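Contents: one structure, followed by commentary.
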Amino acid sequence: MNQLSVQHLLGIKHINKADIDLIFKTADHFKEVINRPIKKVPSLRDITIANLFFENSTRTKLSFELAEKRLSADVINFSASQSSVKKGETLIDTANNILSMKVDLIVMRHPHVGACDFLSKHVNARIVNAGDGTHEHPTQALLDSYSIREKLGSVTGKKIVIVGDVLHSRVALSNIYALKLQGAEVKVCGPKTLIPKYIENLGVGVEPNIRKALEWCDVANVLRVQNERMDINYFPSTREYTQLFGINKKLLDSIGKKIVIMHPGPINRGVELTSDVADAEQSIILNQVENGVAIRMAVIYLLAEQIKRN
Ligand code: CP
């Protein structure tokens, strides 16, 4: 198969294992390209892409923009805080005005669950979800699995624990879908208040003890505590959270094996991870960021190929 089964990348829930394999194969090629002295290919010279960010981002926004430029696409960037959204313009009006400028593909981050799905039904452009509220962040999950595959040779059969604020995390849900599609075993570990009640229906185990979770896993993907999404207190204090679920070097060194440490960023240093863990040799946090560019090049390239074929 050399085509994606979907026209938009709205979530991992909508794709299949063959799509993931195709994205990874394409990303392998682009990873080789971005490590050459000339890091650009002319593949998307006739494609225009708009990056619509209605919520803050560092990694995802820069990574998409770099990926698009490495593919030679024309790129326009939109940030809601500096736009007419502040004057009351709707999402559809904003998107349609941008599309009038002959845009082929939209990458969108939005605080509301389902915003990308909604947009895909109302505008004539391909949509890539760069994070919609607490729902999905598909390219993050793809780059996470790609980084595990790079480090451990395969995702299939590996034991992955997702640690922390699962309830508010789009990274967690997309990772669970992606990891399960590839045949990994997945557990979550965190305060009971931050673990969704439906989690076991997704084929995911719950391990409330961080030491036991680390002793079980090959990889710990540690999430940020998303204080900005918490309207009530989910745990008594940050200090208590860190004592019960934070990973420090002493804990990591005491489990008797070397596990891989991941984090999607941004890190609350000293809360979910101490700096000596974030920067440890077994941490692949910056490899995740590097792989993000190759993964996003692959996703955009494959969707753009469909546009060219139509
Ligand atoms: N991982 C991630 O989505 O980071 P940003 O919010 O900085 O894009």
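In the structure tokens, chains take letters A, B, ... by order of appearance, with residues numbered from 1 within each chain and ligands from 1 in the order shown.
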Subject >> region 163-171 of chain A surroundings by only C-alpha atoms, 6 Å radius, close-in-sequence under 5 positions cut, as a ChimeraX atom specification >> reply: /A:134-137,188-190,194-196,222-223,225
**OP:** List all protein, DNA and RNA residues that have at least one atom no more than 12 Å from any atom of ligand 1, counting only C-alpha atoms and all ligand atoms, and write them as an MDAnalysis selection string.
**Re:** chainID A and resid 53:65 108:111 129:134 136:144 169:172 174 221:224 226 262:267 285:286 288:290 292
Using C-alpha atoms, can you export the residues from the last selection as a tab-separated table (two decimals), in the first residue's frame?
```
chain	number	residue	atom	x	y	z
A	53	PHE	CA	-3.01	27.71	15.91
A	54	PHE	CA	-5.87	28.69	18.23
A	55	GLU	CA	-3.89	27.51	21.27
A	56	ASN	CA	-0.25	27.93	22.36
A	57	SER	CA	2.42	25.62	21.00
A	58	THR	CA	6.20	25.52	20.70
A	59	ARG	CA	7.21	22.06	19.44
A	60	THR	CA	4.23	21.18	17.24
A	61	LYS	CA	4.00	24.56	15.53
A	62	LEU	CA	7.73	24.82	14.78
A	63	SER	CA	7.93	21.18	13.78
A	64	PHE	CA	5.05	21.41	11.28
A	65	GLU	CA	6.40	24.64	9.81
A	108	MET	CA	-4.93	23.09	13.10
A	109	ARG	CA	-4.56	23.18	16.87
A	110	HIS	CA	-7.73	24.14	18.73
A	111	PRO	CA	-8.80	24.08	22.40
A	129	ASN	CA	-5.12	17.68	13.70
A	130	ALA	CA	-2.26	19.28	15.65
A	131	GLY	CA	-4.13	18.76	18.96
A	132	ASP	CA	-7.85	19.31	19.71
A	133	GLY	CA	-8.52	19.99	23.37
A	134	THR	CA	-8.26	16.87	25.54
A	136	GLU	CA	-6.31	13.59	20.14
A	137	HIS	CA	-2.80	14.66	19.07
A	138	PRO	CA	-2.13	12.12	16.31
A	139	THR	CA	1.26	13.31	15.05
A	140	GLN	CA	2.59	13.30	18.65
A	141	ALA	CA	1.53	9.65	19.04
A	142	LEU	CA	3.10	8.75	15.68
A	143	LEU	CA	6.41	10.40	16.57
A	144	ASP	CA	6.32	8.72	20.00
A	169	SER	CA	-4.17	14.40	27.86
A	170	ARG	CA	-4.75	14.21	24.10
A	171	VAL	CA	-1.24	12.70	23.91
A	172	ALA	CA	-2.35	9.77	26.11
A	174	SER	CA	-3.65	9.07	20.71
A	221	ASN	CA	5.95	8.04	28.66
A	222	VAL	CA	5.56	10.74	31.29
A	223	LEU	CA	2.85	13.38	30.84
A	224	ARG	CA	2.77	17.00	31.90
A	226	GLN	CA	-1.98	20.17	32.81
A	262	MET	CA	9.81	9.84	27.16
A	263	HIS	CA	7.88	13.10	27.58
A	264	PRO	CA	5.91	15.04	24.93
A	265	GLY	CA	6.94	18.42	26.40
A	266	PRO	CA	6.72	20.99	27.74
A	267	ILE	CA	8.21	19.47	30.93
A	285	ILE	CA	12.90	13.39	24.81
A	286	LEU	CA	14.96	15.34	22.26
A	288	GLN	CA	11.15	12.62	19.96
A	289	VAL	CA	11.38	16.28	18.89
A	290	GLU	CA	13.83	15.43	16.07
A	292	GLY	CA	8.60	14.91	14.88
```
Original post:
Which of these residues is nearest to Val271 (chain A), using only C-alpha atoms: A:Asn97, A:Thr238, A:Ser83, A:Ser283?
Top reply: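 Among the listed residues, the smallest separation from Val271 (chain A) belongs to A:Thr238.
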**OP:** Per DSSP on the backbone, filter region 29-262 of chain A down to the residues in strand (DSSP E or B) and report them as an NGL selection string.
**Re:** :A and (48-53 or 74-79 or 105-110 or 126-132 or 136 or 159-163 or 185-189 or 205-206 or 219-222 or 247 or 260-262)
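Taking CA of Lys39 (chain A) as the reference point, CA of Val260 (chain A) is found at 28.8 Å.
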Original post:
So, counting only C-alpha atoms, which residue among A:Val219, A:Arg269, A:Lys187, A:Thr242 is closest to Lys257 (chain A)?
Top reply: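 Counting only C-alpha atoms, the residue closest to Lys257 (chain A) is A:Val219.
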**OP:** Write out as a ChimeraX atom specification the residues lying within 12 Å of Leu152 (chain A), counting only C-alpha atoms and excluding same-chain residues fewer than 3 positions away.
**Re:** /A:145-149,155-160,218-219,258-260,282,284
Residues as selected, N, CA, C and O atoms, written as a PDB file, in the first residue's frame, can you do that?
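File produced: part.pdb:
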```pdb
ATOM      1  N   SER A 145       5.651   6.650  18.883  1.00  0.00           N
ATOM      2  CA  SER A 145       5.840   5.243  18.492  1.00  0.00           C
ATOM      3  C   SER A 145       7.071   5.083  17.602  1.00  0.00           C
ATOM      4  O   SER A 145       7.824   4.111  17.737  1.00  0.00           O
ATOM      5  N   TYR A 146       7.274   6.049  16.709  1.00  0.00           N
ATOM      6  CA  TYR A 146       8.442   5.999  15.808  1.00  0.00           C
ATOM      7  C   TYR A 146       9.743   6.036  16.638  1.00  0.00           C
ATOM      8  O   TYR A 146      10.703   5.328  16.330  1.00  0.00           O
ATOM      9  N   SER A 147       9.728   6.833  17.712  1.00  0.00           N
ATOM     10  CA  SER A 147      10.920   6.960  18.555  1.00  0.00           C
ATOM     11  C   SER A 147      11.159   5.680  19.362  1.00  0.00           C
ATOM     12  O   SER A 147      12.312   5.281  19.576  1.00  0.00           O
ATOM     13  N   ILE A 148      10.073   5.023  19.795  1.00  0.00           N
ATOM     14  CA  ILE A 148      10.217   3.730  20.497  1.00  0.00           C
ATOM     15  C   ILE A 148      10.791   2.687  19.530  1.00  0.00           C
ATOM     16  O   ILE A 148      11.712   1.941  19.858  1.00  0.00           O
ATOM     17  N   ARG A 149      10.247   2.659  18.337  1.00  0.00           N
ATOM     18  CA  ARG A 149      10.706   1.716  17.294  1.00  0.00           C
ATOM     19  C   ARG A 149      12.189   1.927  17.010  1.00  0.00           C
ATOM     20  O   ARG A 149      12.965   0.979  16.884  1.00  0.00           O
ATOM     21  N   VAL A 155       7.743  -1.740  18.209  1.00  0.00           N
ATOM     22  CA  VAL A 155       6.772  -1.379  19.254  1.00  0.00           C
ATOM     23  C   VAL A 155       6.012  -2.641  19.689  1.00  0.00           C
ATOM     24  O   VAL A 155       5.631  -2.787  20.848  1.00  0.00           O
ATOM     25  N   THR A 156       5.861  -3.572  18.752  1.00  0.00           N
ATOM     26  CA  THR A 156       5.094  -4.799  19.008  1.00  0.00           C
ATOM     27  C   THR A 156       5.663  -5.554  20.219  1.00  0.00           C
ATOM     28  O   THR A 156       6.870  -5.791  20.283  1.00  0.00           O
ATOM     29  N   GLY A 157       4.784  -5.887  21.149  1.00  0.00           N
ATOM     30  CA  GLY A 157       5.192  -6.683  22.318  1.00  0.00           C
ATOM     31  C   GLY A 157       5.852  -5.884  23.429  1.00  0.00           C
ATOM     32  O   GLY A 157       6.131  -6.432  24.496  1.00  0.00           O
ATOM     33  N   LYS A 158       6.105  -4.599  23.199  1.00  0.00           N
ATOM     34  CA  LYS A 158       6.765  -3.788  24.240  1.00  0.00           C
ATOM     35  C   LYS A 158       5.736  -3.371  25.293  1.00  0.00           C
ATOM     36  O   LYS A 158       4.544  -3.256  25.017  1.00  0.00           O
ATOM     37  N   LYS A 159       6.249  -3.133  26.508  1.00  0.00           N
ATOM     38  CA  LYS A 159       5.393  -2.731  27.625  1.00  0.00           C
ATOM     39  C   LYS A 159       5.592  -1.233  27.868  1.00  0.00           C
ATOM     40  O   LYS A 159       6.715  -0.804  28.203  1.00  0.00           O
ATOM     41  N   ILE A 160       4.517  -0.474  27.698  1.00  0.00           N
ATOM     42  CA  ILE A 160       4.610   0.989  27.802  1.00  0.00           C
ATOM     43  C   ILE A 160       3.711   1.453  28.944  1.00  0.00           C
ATOM     44  O   ILE A 160       2.517   1.091  28.973  1.00  0.00           O
ATOM     45  N   ASP A 218       8.934  -1.350  29.690  1.00  0.00           N
ATOM     46  CA  ASP A 218      10.157  -1.091  28.913  1.00  0.00           C
ATOM     47  C   ASP A 218      10.327   0.408  28.695  1.00  0.00           C
ATOM     48  O   ASP A 218      11.433   0.899  28.532  1.00  0.00           O
ATOM     49  N   VAL A 219       9.193   1.110  28.624  1.00  0.00           N
ATOM     50  CA  VAL A 219       9.184   2.550  28.307  1.00  0.00           C
ATOM     51  C   VAL A 219       8.195   3.253  29.236  1.00  0.00           C
ATOM     52  O   VAL A 219       7.063   2.787  29.400  1.00  0.00           O
ATOM     53  N   LYS A 258      17.222  -0.795  32.823  1.00  0.00           N
ATOM     54  CA  LYS A 258      17.239   0.507  32.169  1.00  0.00           C
ATOM     55  C   LYS A 258      16.018   0.674  31.289  1.00  0.00           C
ATOM     56  O   LYS A 258      15.925   0.039  30.237  1.00  0.00           O
ATOM     57  N   ILE A 259      15.073   1.478  31.735  1.00  0.00           N
ATOM     58  CA  ILE A 259      13.896   1.724  30.903  1.00  0.00           C
ATOM     59  C   ILE A 259      14.097   3.007  30.104  1.00  0.00           C
ATOM     60  O   ILE A 259      14.948   3.837  30.439  1.00  0.00           O
ATOM     61  N   VAL A 260      13.311   3.169  29.052  1.00  0.00           N
ATOM     62  CA  VAL A 260      13.379   4.368  28.202  1.00  0.00           C
ATOM     63  C   VAL A 260      12.415   5.411  28.785  1.00  0.00           C
ATOM     64  O   VAL A 260      11.276   5.085  29.115  1.00  0.00           O
ATOM     65  N   GLN A 282      19.223   7.671  29.248  1.00  0.00           N
ATOM     66  CA  GLN A 282      18.090   6.822  28.837  1.00  0.00           C
ATOM     67  C   GLN A 282      16.845   7.618  28.448  1.00  0.00           C
ATOM     68  O   GLN A 282      15.820   7.029  28.092  1.00  0.00           O
ATOM     69  N   ILE A 284      14.797   9.882  25.839  1.00  0.00           N
ATOM     70  CA  ILE A 284      14.822  10.124  24.381  1.00  0.00           C
ATOM     71  C   ILE A 284      13.944  11.336  24.034  1.00  0.00           C
ATOM     72  O   ILE A 284      13.429  11.443  22.918  1.00  0.00           O
TER      73      ILE A 284
END
```
